[in-house]
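Data block for target.cif (mmCIF, N, CA and C atoms):
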data_protein
loop_
_atom_site.label_atom_id
_atom_site.label_comp_id
_atom_site.auth_asym_id
_atom_site.auth_seq_id
_atom_site.Cartn_x
_atom_site.Cartn_y
_atom_site.Cartn_z
N MET A 725 -20.70 -38.61 33.66
CA MET A 725 -19.31 -38.25 33.48
C MET A 725 -18.90 -38.32 32.02
N PHE A 726 -19.36 -39.38 31.34
CA PHE A 726 -19.03 -39.52 29.94
C PHE A 726 -19.61 -38.36 29.12
N SER A 727 -20.82 -37.94 29.43
CA SER A 727 -21.44 -36.83 28.71
C SER A 727 -20.72 -35.51 28.99
N THR A 728 -20.15 -35.35 30.17
CA THR A 728 -19.37 -34.15 30.49
C THR A 728 -18.11 -34.10 29.64
N ILE A 729 -17.47 -35.22 29.47
CA ILE A 729 -16.26 -35.30 28.64
C ILE A 729 -16.62 -34.99 27.18
N ILE A 730 -17.70 -35.55 26.72
CA ILE A 730 -18.14 -35.31 25.34
C ILE A 730 -18.45 -33.82 25.15
N ARG A 731 -19.16 -33.21 26.09
CA ARG A 731 -19.47 -31.78 25.99
C ARG A 731 -18.19 -30.95 26.01
N SER A 732 -17.25 -31.31 26.84
CA SER A 732 -15.98 -30.58 26.91
C SER A 732 -15.22 -30.70 25.60
N LEU A 733 -15.17 -31.91 25.04
CA LEU A 733 -14.49 -32.11 23.76
C LEU A 733 -15.21 -31.37 22.63
N ALA A 734 -16.52 -31.37 22.65
CA ALA A 734 -17.30 -30.65 21.63
C ALA A 734 -17.03 -29.15 21.74
N GLY A 735 -17.01 -28.64 22.96
CA GLY A 735 -16.71 -27.23 23.18
C GLY A 735 -15.31 -26.88 22.70
N LEU A 736 -14.34 -27.74 23.01
CA LEU A 736 -12.97 -27.53 22.57
C LEU A 736 -12.88 -27.56 21.04
N LEU A 737 -13.59 -28.50 20.43
CA LEU A 737 -13.61 -28.60 18.97
C LEU A 737 -14.20 -27.34 18.35
N ILE A 738 -15.27 -26.82 18.92
CA ILE A 738 -15.89 -25.59 18.40
C ILE A 738 -14.92 -24.41 18.53
N ILE A 739 -14.22 -24.32 19.65
CA ILE A 739 -13.24 -23.25 19.84
C ILE A 739 -12.12 -23.36 18.82
N LEU A 740 -11.61 -24.58 18.62
CA LEU A 740 -10.53 -24.79 17.66
C LEU A 740 -10.99 -24.48 16.23
N LEU A 741 -12.20 -24.87 15.89
CA LEU A 741 -12.73 -24.55 14.57
C LEU A 741 -12.87 -23.03 14.39
N GLY A 742 -13.32 -22.35 15.43
CA GLY A 742 -13.44 -20.89 15.39
C GLY A 742 -12.09 -20.21 15.21
N ILE A 743 -11.10 -20.68 15.94
CA ILE A 743 -9.75 -20.12 15.81
C ILE A 743 -9.21 -20.39 14.40
N GLY A 744 -9.42 -21.60 13.91
CA GLY A 744 -8.96 -21.95 12.55
C GLY A 744 -9.64 -21.10 11.49
N ALA A 745 -10.94 -20.91 11.63
CA ALA A 745 -11.67 -20.08 10.66
C ALA A 745 -11.19 -18.63 10.72
N GLY A 746 -11.01 -18.12 11.92
CA GLY A 746 -10.51 -16.74 12.07
C GLY A 746 -9.12 -16.58 11.49
N ALA A 747 -8.25 -17.57 11.74
CA ALA A 747 -6.89 -17.51 11.20
C ALA A 747 -6.91 -17.57 9.68
N THR A 748 -7.77 -18.40 9.11
CA THR A 748 -7.87 -18.50 7.65
C THR A 748 -8.33 -17.19 7.03
N VAL A 749 -9.32 -16.56 7.64
CA VAL A 749 -9.81 -15.28 7.14
C VAL A 749 -8.69 -14.23 7.21
N TRP A 750 -7.97 -14.17 8.33
CA TRP A 750 -6.89 -13.19 8.48
C TRP A 750 -5.77 -13.44 7.48
N LEU A 751 -5.37 -14.70 7.30
CA LEU A 751 -4.28 -15.02 6.37
C LEU A 751 -4.62 -14.63 4.93
N LYS A 752 -5.88 -14.77 4.55
CA LYS A 752 -6.29 -14.45 3.17
C LYS A 752 -6.66 -12.98 2.98
N SER A 753 -6.75 -12.24 4.06
CA SER A 753 -7.12 -10.81 3.97
C SER A 753 -5.99 -10.00 3.39
N ALA A 754 -6.36 -8.90 2.74
CA ALA A 754 -5.38 -8.00 2.12
C ALA A 754 -4.61 -7.24 3.19
N HIS A 755 -3.33 -7.12 2.95
CA HIS A 755 -2.48 -6.28 3.80
C HIS A 755 -2.67 -4.84 3.38
N TYR A 756 -2.80 -3.94 4.33
CA TYR A 756 -2.96 -2.52 4.06
C TYR A 756 -1.61 -1.85 4.29
N PRO A 757 -0.88 -1.50 3.21
CA PRO A 757 0.46 -0.92 3.37
C PRO A 757 0.38 0.54 3.82
N SER A 758 0.13 0.75 5.11
CA SER A 758 -0.20 2.07 5.63
C SER A 758 0.91 3.11 5.44
N GLU A 759 2.17 2.73 5.59
CA GLU A 759 3.26 3.71 5.43
C GLU A 759 3.34 4.21 3.99
N ALA A 760 3.25 3.30 3.04
CA ALA A 760 3.31 3.68 1.63
C ALA A 760 2.10 4.52 1.24
N ILE A 761 0.93 4.15 1.71
CA ILE A 761 -0.28 4.89 1.39
C ILE A 761 -0.20 6.29 2.00
N ALA A 762 0.28 6.40 3.23
CA ALA A 762 0.41 7.71 3.88
C ALA A 762 1.36 8.61 3.09
N LEU A 763 2.45 8.04 2.59
CA LEU A 763 3.39 8.82 1.79
C LEU A 763 2.74 9.29 0.48
N ALA A 764 2.01 8.41 -0.18
CA ALA A 764 1.34 8.78 -1.43
C ALA A 764 0.29 9.86 -1.16
N GLN A 765 -0.44 9.75 -0.06
CA GLN A 765 -1.44 10.76 0.28
C GLN A 765 -0.78 12.10 0.59
N GLU A 766 0.34 12.07 1.29
CA GLU A 766 1.07 13.31 1.57
C GLU A 766 1.56 13.95 0.27
N PHE A 767 2.05 13.12 -0.65
CA PHE A 767 2.51 13.59 -1.95
C PHE A 767 1.38 14.29 -2.70
N VAL A 768 0.22 13.64 -2.75
CA VAL A 768 -0.94 14.20 -3.43
C VAL A 768 -1.38 15.51 -2.76
N ALA A 769 -1.36 15.55 -1.44
CA ALA A 769 -1.75 16.78 -0.72
C ALA A 769 -0.80 17.93 -1.06
N ARG A 770 0.48 17.63 -1.16
CA ARG A 770 1.45 18.67 -1.51
C ARG A 770 1.25 19.15 -2.95
N LEU A 771 0.94 18.23 -3.85
CA LEU A 771 0.66 18.64 -5.23
C LEU A 771 -0.60 19.49 -5.29
N ARG A 772 -1.62 19.07 -4.56
CA ARG A 772 -2.89 19.81 -4.55
C ARG A 772 -2.67 21.24 -4.04
N ALA A 773 -1.77 21.40 -3.06
CA ALA A 773 -1.48 22.71 -2.47
C ALA A 773 -0.45 23.49 -3.27
N HIS A 774 -0.02 22.94 -4.39
CA HIS A 774 1.01 23.56 -5.25
C HIS A 774 2.34 23.74 -4.49
N GLU A 775 2.61 22.84 -3.56
CA GLU A 775 3.88 22.83 -2.83
C GLU A 775 4.83 21.89 -3.57
N PHE A 776 5.22 22.30 -4.77
CA PHE A 776 5.99 21.41 -5.64
C PHE A 776 7.37 21.09 -5.07
N ALA A 777 8.04 22.03 -4.47
CA ALA A 777 9.36 21.77 -3.90
C ALA A 777 9.26 20.75 -2.76
N ARG A 778 8.24 20.87 -1.93
CA ARG A 778 8.06 19.91 -0.82
C ARG A 778 7.64 18.54 -1.35
N ALA A 779 6.85 18.50 -2.40
CA ALA A 779 6.46 17.22 -3.00
C ALA A 779 7.68 16.54 -3.62
N TYR A 780 8.53 17.33 -4.24
CA TYR A 780 9.73 16.79 -4.90
C TYR A 780 10.64 16.10 -3.89
N GLU A 781 10.65 16.57 -2.65
CA GLU A 781 11.48 15.97 -1.60
C GLU A 781 11.12 14.50 -1.36
N LEU A 782 9.91 14.10 -1.67
CA LEU A 782 9.44 12.74 -1.42
C LEU A 782 9.77 11.77 -2.56
N THR A 783 10.38 12.28 -3.62
CA THR A 783 10.58 11.46 -4.82
C THR A 783 11.98 10.87 -4.90
N ALA A 784 12.14 9.98 -5.87
CA ALA A 784 13.43 9.34 -6.14
C ALA A 784 14.34 10.25 -6.96
N LYS A 785 13.81 11.37 -7.43
CA LYS A 785 14.59 12.35 -8.21
C LYS A 785 15.24 11.69 -9.43
N ASN A 786 14.40 11.04 -10.21
CA ASN A 786 14.86 10.37 -11.43
C ASN A 786 14.25 11.05 -12.64
N GLN A 787 14.50 10.52 -13.81
CA GLN A 787 13.98 11.15 -15.04
C GLN A 787 12.46 11.06 -15.14
N LEU A 788 11.84 10.12 -14.46
CA LEU A 788 10.38 9.99 -14.52
C LEU A 788 9.67 11.09 -13.73
N VAL A 789 10.26 11.52 -12.63
CA VAL A 789 9.64 12.57 -11.81
C VAL A 789 10.32 13.92 -12.00
N GLY A 790 11.43 13.92 -12.68
CA GLY A 790 12.19 15.15 -12.88
C GLY A 790 13.48 15.11 -12.09
N ARG A 791 14.53 15.56 -12.71
CA ARG A 791 15.84 15.50 -12.06
C ARG A 791 16.14 16.72 -11.22
N ASP A 792 15.29 17.73 -11.31
CA ASP A 792 15.44 18.91 -10.46
C ASP A 792 14.04 19.47 -10.19
N PRO A 793 13.92 20.36 -9.21
CA PRO A 793 12.59 20.86 -8.85
C PRO A 793 11.84 21.55 -9.99
N ASN A 794 12.53 22.23 -10.87
CA ASN A 794 11.86 22.90 -11.98
C ASN A 794 11.27 21.90 -12.96
N GLU A 795 12.05 20.88 -13.29
CA GLU A 795 11.56 19.83 -14.19
C GLU A 795 10.39 19.09 -13.55
N PHE A 796 10.51 18.82 -12.24
CA PHE A 796 9.43 18.16 -11.50
C PHE A 796 8.14 18.97 -11.58
N GLU A 797 8.24 20.27 -11.36
CA GLU A 797 7.05 21.12 -11.37
C GLU A 797 6.36 21.08 -12.72
N GLN A 798 7.13 21.10 -13.79
CA GLN A 798 6.54 21.02 -15.14
C GLN A 798 5.80 19.70 -15.33
N ILE A 799 6.42 18.60 -14.92
CA ILE A 799 5.79 17.28 -15.03
C ILE A 799 4.53 17.23 -14.17
N ALA A 800 4.64 17.72 -12.94
CA ALA A 800 3.50 17.68 -12.01
C ALA A 800 2.33 18.50 -12.54
N GLN A 801 2.57 19.67 -13.07
CA GLN A 801 1.48 20.49 -13.59
C GLN A 801 0.81 19.83 -14.80
N HIS A 802 1.57 19.05 -15.54
CA HIS A 802 1.00 18.34 -16.69
C HIS A 802 0.24 17.07 -16.26
N GLN A 803 0.75 16.34 -15.28
CA GLN A 803 0.20 15.04 -14.92
C GLN A 803 -0.86 15.09 -13.82
N PHE A 804 -0.74 16.00 -12.87
CA PHE A 804 -1.63 15.98 -11.71
C PHE A 804 -3.01 16.52 -12.06
N CYS A 805 -4.02 15.88 -11.51
CA CYS A 805 -5.39 16.33 -11.66
C CYS A 805 -6.05 16.29 -10.28
N PRO A 806 -7.13 17.00 -10.09
CA PRO A 806 -7.73 17.08 -8.75
C PRO A 806 -8.41 15.76 -8.36
N VAL A 807 -7.73 14.95 -7.61
CA VAL A 807 -8.29 13.68 -7.14
C VAL A 807 -8.91 13.89 -5.76
N THR A 808 -9.91 13.09 -5.45
CA THR A 808 -10.64 13.29 -4.20
C THR A 808 -10.57 12.12 -3.23
N ARG A 809 -10.18 10.94 -3.71
CA ARG A 809 -10.16 9.81 -2.77
C ARG A 809 -9.16 8.75 -3.20
N LEU A 810 -8.76 7.96 -2.23
CA LEU A 810 -7.89 6.81 -2.46
C LEU A 810 -8.76 5.69 -3.02
N ALA A 811 -8.37 5.12 -4.15
CA ALA A 811 -9.16 4.07 -4.78
C ALA A 811 -8.63 2.67 -4.43
N GLY A 812 -7.33 2.52 -4.17
CA GLY A 812 -6.80 1.22 -3.83
C GLY A 812 -5.32 1.11 -4.13
N THR A 813 -4.79 -0.08 -3.89
CA THR A 813 -3.38 -0.35 -4.14
C THR A 813 -3.23 -1.64 -4.93
N THR A 814 -2.17 -1.73 -5.70
CA THR A 814 -1.80 -2.97 -6.39
C THR A 814 -0.29 -3.11 -6.32
N PRO A 815 0.26 -4.27 -6.37
CA PRO A 815 -0.40 -5.57 -6.43
C PRO A 815 -0.95 -5.98 -5.07
N PHE A 816 -1.88 -6.91 -5.10
CA PHE A 816 -2.47 -7.46 -3.89
C PHE A 816 -1.41 -8.24 -3.12
N GLN A 817 -1.38 -8.05 -1.80
CA GLN A 817 -0.52 -8.86 -0.94
C GLN A 817 -1.33 -9.24 0.29
N SER A 818 -1.44 -10.53 0.56
CA SER A 818 -2.22 -10.99 1.71
C SER A 818 -1.36 -11.02 2.97
N ASN A 819 -2.02 -11.07 4.12
CA ASN A 819 -1.31 -11.23 5.38
C ASN A 819 -0.55 -12.56 5.40
N GLY A 820 -1.14 -13.59 4.80
CA GLY A 820 -0.48 -14.89 4.74
C GLY A 820 0.79 -14.85 3.93
N SER A 821 0.77 -14.13 2.81
CA SER A 821 1.97 -13.99 1.99
C SER A 821 3.07 -13.29 2.77
N ARG A 822 2.72 -12.25 3.50
CA ARG A 822 3.71 -11.53 4.30
C ARG A 822 4.29 -12.43 5.39
N LEU A 823 3.43 -13.21 6.03
CA LEU A 823 3.89 -14.12 7.08
C LEU A 823 4.82 -15.18 6.49
N ARG A 824 4.45 -15.74 5.36
CA ARG A 824 5.28 -16.75 4.70
C ARG A 824 6.65 -16.18 4.33
N ARG A 825 6.67 -14.97 3.78
CA ARG A 825 7.94 -14.34 3.40
C ARG A 825 8.81 -14.09 4.64
N ARG A 826 8.19 -13.68 5.74
CA ARG A 826 8.94 -13.45 6.98
C ARG A 826 9.54 -14.75 7.50
N VAL A 827 8.76 -15.82 7.47
CA VAL A 827 9.24 -17.13 7.94
C VAL A 827 10.43 -17.61 7.12
N TYR A 828 10.40 -17.37 5.81
CA TYR A 828 11.49 -17.80 4.93
C TYR A 828 12.65 -16.83 4.90
N GLY A 829 12.57 -15.75 5.67
CA GLY A 829 13.66 -14.79 5.74
C GLY A 829 13.77 -13.90 4.52
N LEU A 830 12.68 -13.74 3.78
CA LEU A 830 12.67 -12.89 2.59
C LEU A 830 12.19 -11.48 2.95
N GLU A 831 12.45 -10.54 2.07
CA GLU A 831 11.94 -9.18 2.25
C GLU A 831 10.41 -9.25 2.26
N VAL A 832 9.80 -8.69 3.27
CA VAL A 832 8.35 -8.78 3.43
C VAL A 832 7.62 -7.78 2.53
N GLU A 833 8.14 -6.57 2.43
CA GLU A 833 7.47 -5.54 1.63
C GLU A 833 7.61 -5.84 0.15
N MET A 834 6.59 -5.46 -0.60
CA MET A 834 6.65 -5.56 -2.05
C MET A 834 7.71 -4.57 -2.54
N PRO A 835 8.49 -4.90 -3.56
CA PRO A 835 9.50 -3.95 -4.04
C PRO A 835 8.88 -2.70 -4.67
N GLU A 836 7.68 -2.84 -5.25
CA GLU A 836 7.02 -1.72 -5.89
C GLU A 836 5.53 -1.79 -5.60
N LEU A 837 4.94 -0.63 -5.38
CA LEU A 837 3.53 -0.55 -5.04
C LEU A 837 2.90 0.61 -5.80
N HIS A 838 1.70 0.39 -6.31
CA HIS A 838 0.96 1.43 -7.02
C HIS A 838 -0.23 1.85 -6.14
N VAL A 839 -0.32 3.13 -5.87
CA VAL A 839 -1.45 3.67 -5.10
C VAL A 839 -2.29 4.49 -6.07
N GLU A 840 -3.54 4.10 -6.18
CA GLU A 840 -4.45 4.70 -7.15
C GLU A 840 -5.42 5.66 -6.46
N PHE A 841 -5.57 6.84 -7.06
CA PHE A 841 -6.52 7.84 -6.58
C PHE A 841 -7.51 8.12 -7.71
N ASP A 842 -8.72 8.53 -7.33
CA ASP A 842 -9.66 8.95 -8.37
C ASP A 842 -10.46 10.14 -7.89
N GLY A 843 -11.27 10.63 -8.74
CA GLY A 843 -12.04 11.85 -8.49
C GLY A 843 -12.18 12.57 -9.80
N GLY A 844 -11.39 13.61 -10.01
CA GLY A 844 -11.40 14.34 -11.27
C GLY A 844 -10.86 13.51 -12.42
N CYS A 845 -10.00 12.57 -12.11
CA CYS A 845 -9.42 11.65 -13.09
C CYS A 845 -8.83 10.48 -12.31
N LEU A 846 -8.13 9.60 -12.99
CA LEU A 846 -7.39 8.54 -12.32
C LEU A 846 -5.94 8.98 -12.22
N PHE A 847 -5.38 8.87 -11.03
CA PHE A 847 -4.02 9.32 -10.79
C PHE A 847 -3.31 8.23 -10.00
N GLN A 848 -2.17 7.79 -10.53
CA GLN A 848 -1.43 6.69 -9.90
C GLN A 848 -0.08 7.19 -9.42
N VAL A 849 0.24 6.80 -8.19
CA VAL A 849 1.55 7.09 -7.60
C VAL A 849 2.25 5.74 -7.43
N THR A 850 3.44 5.62 -8.03
CA THR A 850 4.22 4.39 -7.91
C THR A 850 5.31 4.63 -6.88
N LEU A 851 5.37 3.74 -5.90
CA LEU A 851 6.37 3.84 -4.85
C LEU A 851 7.29 2.63 -4.92
N ARG A 852 8.53 2.84 -4.55
CA ARG A 852 9.49 1.73 -4.44
C ARG A 852 10.00 1.69 -3.01
N HIS A 853 10.20 0.46 -2.57
CA HIS A 853 10.69 0.23 -1.22
C HIS A 853 12.21 0.31 -1.22
N LYS A 854 12.75 1.20 -0.40
CA LYS A 854 14.20 1.37 -0.33
C LYS A 854 14.78 0.38 0.67
N VAL A 855 16.10 0.27 0.65
CA VAL A 855 16.81 -0.71 1.47
C VAL A 855 16.56 -0.52 2.96
N ARG A 856 16.52 0.69 3.44
CA ARG A 856 16.38 0.95 4.87
C ARG A 856 14.93 0.91 5.35
N GLY A 857 14.06 0.34 4.58
CA GLY A 857 12.68 0.18 5.00
C GLY A 857 11.78 1.35 4.73
N GLN A 858 12.23 2.31 3.96
CA GLN A 858 11.42 3.47 3.64
C GLN A 858 10.89 3.36 2.22
N TRP A 859 9.87 4.14 1.95
CA TRP A 859 9.29 4.21 0.62
C TRP A 859 9.64 5.54 -0.01
N GLU A 860 9.71 5.57 -1.34
CA GLU A 860 9.89 6.82 -2.05
C GLU A 860 9.04 6.80 -3.32
N ILE A 861 8.65 7.98 -3.77
CA ILE A 861 7.85 8.12 -4.98
C ILE A 861 8.79 7.92 -6.17
N TYR A 862 8.49 6.91 -6.96
CA TYR A 862 9.31 6.60 -8.12
C TYR A 862 8.73 7.19 -9.40
N ASN A 863 7.39 7.26 -9.45
CA ASN A 863 6.73 7.77 -10.63
C ASN A 863 5.31 8.19 -10.23
N PHE A 864 4.70 9.03 -11.04
CA PHE A 864 3.31 9.41 -10.86
C PHE A 864 2.76 9.81 -12.21
N GLN A 865 1.46 9.57 -12.39
CA GLN A 865 0.86 9.90 -13.67
C GLN A 865 -0.66 9.84 -13.60
N SER A 866 -1.29 10.69 -14.37
CA SER A 866 -2.72 10.54 -14.57
C SER A 866 -2.88 9.58 -15.76
N HIS A 867 -3.99 8.87 -15.78
CA HIS A 867 -4.15 7.88 -16.86
C HIS A 867 -5.63 7.61 -17.11
N ALA A 868 -5.89 6.96 -18.21
CA ALA A 868 -7.26 6.59 -18.57
C ALA A 868 -7.65 5.32 -17.82
N GLY A 869 -8.93 5.14 -17.63
CA GLY A 869 -9.43 3.97 -16.91
C GLY A 869 -9.40 2.76 -17.74
#
Mind converting the file's structure to structure tokens?
Amino acid sequence: MFSTIIRSLAGLLIILLGIGAGATVWLKSAHYPSEAIALAQEFVARLRAHEFARAYELTAKNQLVGRDPNEFEQIAQHQFCPVTRLAGTTPFQSNGSRLRRRVYGLEVEMPELHVEFDGGCLFQVTLRHKVRGQWEIYNFQSHAG
């Protein structure tokens, strides 16, 4: 009977250690901001297709992206290069950081996110999180590595 209790406790301890290890890995893992990335990918696809008016609809319509569609098109033709893949996002945000911010009642999303593409060159799309939970393109540029 004593050995059965010991085995049960050992099994429970192994399960708890497994859950703890899994939770630690998940908390430290990077959050994948799928909505923001999807918007940046859509923006890049519209630029690639020369759909400048449709791409402009996704922007904040500021001086960095152009205050009207014509100005935007000029900037886009100068800055955009043929990129082939998503390279990553910055800044890093872990699942644990998001959970902690939610618990403290803070805004969970990062206020600004950079989505990096590469291929023909390096191309960065900067997005800002709006009040109603949506993202918009704030800036975009090709740049050196």
Residue neighbourhood A:Leu788, 6.5 Å, only N, CA and C atoms, exclusion window fewer than 2 positions, as a VMD selection string
chain A and resid 785 to 786 790 to 791 862 to 864
Measuring between only C-alpha atoms, which one of A:Phe767, A:Trp859, A:Tyr756, A:Phe841 shows the shortest distance to A:Thr808?
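For A:Thr808, the nearest of the candidates is A:Phe841.
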If the PyMOL selection byres (((chain A and resi 755 and name CA) around 10) and name CA) were run on this exact file, what residues would it hold? Put them as JSON, numbers by chain.
{"A": [750, 751, 752, 753, 754, 756, 757, 758, 813, 816, 817, 818, 819, 820, 821, 822]}
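Shortest atom-to-atom contact with A:Phe847 among A:Gly735, A:Pro806, A:Thr783, A:Glu759: A:Pro806, counting all atoms listed in the file.
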Quick one: pick out all alpha helix (DSSP H) residues within chain A from a backbone DSSP run and write them as a VMD selection string.
chain A and resid 726 to 752 758 to 772 776 to 780 793 to 803 819 to 827
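The space between atom C of A:Cys805 and atom C of A:Gly844 spans 6.0 Å.
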Applying 8 Å and only N, CA and C atoms, which residues near A:Ala779 remain after dropping the ones on its own chain fewer than 2 positions away? List them as number ranges by chain.
A: 766-771, 774-777, 781-783
Using the selection just defined, write its residues with N, CA and C atoms as a short mmCIF file (atom, residue, chain, number, x, y, z; two decimals), keeping the file's coordinate frame.
data_model
loop_
_atom_site.label_atom_id
_atom_site.label_comp_id
_atom_site.auth_asym_id
_atom_site.auth_seq_id
_atom_site.Cartn_x
_atom_site.Cartn_y
_atom_site.Cartn_z
N GLU A 766 0.34 12.07 1.29
CA GLU A 766 1.07 13.31 1.57
C GLU A 766 1.56 13.95 0.27
N PHE A 767 2.05 13.12 -0.65
CA PHE A 767 2.51 13.59 -1.95
C PHE A 767 1.38 14.29 -2.70
N VAL A 768 0.22 13.64 -2.75
CA VAL A 768 -0.94 14.20 -3.43
C VAL A 768 -1.38 15.51 -2.76
N ALA A 769 -1.36 15.55 -1.44
CA ALA A 769 -1.75 16.78 -0.72
C ALA A 769 -0.80 17.93 -1.06
N ARG A 770 0.48 17.63 -1.16
CA ARG A 770 1.45 18.67 -1.51
C ARG A 770 1.25 19.15 -2.95
N LEU A 771 0.94 18.23 -3.85
CA LEU A 771 0.66 18.64 -5.23
C LEU A 771 -0.60 19.49 -5.29
N HIS A 774 -0.02 22.94 -4.39
CA HIS A 774 1.01 23.56 -5.25
C HIS A 774 2.34 23.74 -4.49
N GLU A 775 2.61 22.84 -3.56
CA GLU A 775 3.88 22.83 -2.83
C GLU A 775 4.83 21.89 -3.57
N PHE A 776 5.22 22.30 -4.77
CA PHE A 776 5.99 21.41 -5.64
C PHE A 776 7.37 21.09 -5.07
N ALA A 777 8.04 22.03 -4.47
CA ALA A 777 9.36 21.77 -3.90
C ALA A 777 9.26 20.75 -2.76
N GLU A 781 10.65 16.57 -2.65
CA GLU A 781 11.48 15.97 -1.60
C GLU A 781 11.12 14.50 -1.36
N LEU A 782 9.91 14.10 -1.67
CA LEU A 782 9.44 12.74 -1.42
C LEU A 782 9.77 11.77 -2.56
N THR A 783 10.38 12.28 -3.62
CA THR A 783 10.58 11.46 -4.82
C THR A 783 11.98 10.87 -4.90
#
Give me the residues near A:Gln848 as a count of residues only, where near means some atom within 5 Å (using all atoms listed in the file) and where sequence neighbours in that chain fewer than 2 positions away do not count.
8
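Here the PyMOL selection byres ((chain A and resi 834) around 8) matches the residues Pro815, Gln817, Glu831, Val832, Glu833, Pro835, Glu836, Leu837, Leu851, Arg852, His853 and Lys854 of chain A.
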Residues from the last selection, N, CA and C atoms, saved as a CSV table (one decimal), in the coordinates of the input:
chain,number,residue,atom,x,y,z
A,815,PRO,N,0.3,-4.3,-6.4
A,815,PRO,CA,-0.4,-5.6,-6.4
A,815,PRO,C,-1.0,-6.0,-5.1
A,817,GLN,N,-1.4,-8.0,-1.8
A,817,GLN,CA,-0.5,-8.9,-0.9
A,817,GLN,C,-1.3,-9.2,0.3
A,831,GLU,N,12.4,-10.5,2.1
A,831,GLU,CA,11.9,-9.2,2.2
A,831,GLU,C,10.4,-9.2,2.3
A,832,VAL,N,9.8,-8.7,3.3
A,832,VAL,CA,8.4,-8.8,3.4
A,832,VAL,C,7.6,-7.8,2.5
A,833,GLU,N,8.1,-6.6,2.4
A,833,GLU,CA,7.5,-5.5,1.6
A,833,GLU,C,7.6,-5.8,0.2
A,835,PRO,N,8.5,-4.9,-3.6
A,835,PRO,CA,9.5,-4.0,-4.0
A,835,PRO,C,8.9,-2.7,-4.7
A,836,GLU,N,7.7,-2.8,-5.2
A,836,GLU,CA,7.0,-1.7,-5.9
A,836,GLU,C,5.5,-1.8,-5.6
A,837,LEU,N,4.9,-0.6,-5.4
A,837,LEU,CA,3.5,-0.6,-5.0
A,837,LEU,C,2.9,0.6,-5.8
A,851,LEU,N,5.4,3.7,-5.9
A,851,LEU,CA,6.4,3.8,-4.8
A,851,LEU,C,7.3,2.6,-4.9
A,852,ARG,N,8.5,2.8,-4.6
A,852,ARG,CA,9.5,1.7,-4.4
A,852,ARG,C,10.0,1.7,-3.0
A,853,HIS,N,10.2,0.5,-2.6
A,853,HIS,CA,10.7,0.2,-1.2
A,853,HIS,C,12.2,0.3,-1.2
A,854,LYS,N,12.8,1.2,-0.4
A,854,LYS,CA,14.2,1.4,-0.3
A,854,LYS,C,14.8,0.4,0.7
So, with only C-alpha atoms as the atoms that count, which of A:Gln803, A:His838, A:Arg824, A:Asp792 lies closest to A:Ala868?
A:Gln803
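With atom CA of A:Tyr780 on one side and atom CA of A:Ala760 on the other, the separation reads 16.0 Å.
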In Å, with one decimal, what is the gap from atom N of A:Leu830 to atom CA of A:Val855?
13.9 Å
Between A:Gly742, A:Gly843, A:Glu860, A:Arg778, which residue has the minimum interatomic distance to A:Ala811, considering all atoms listed in the file?
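So, comparing all the options, the nearest one is A:Gly843.
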Going by DSSP on the backbone, which residues of chain A come out as strand (DSSP E or B)? List them as a PyMOL selection string.
chain A and resi 754+783+807-814+818+836-843+846-853+859-867
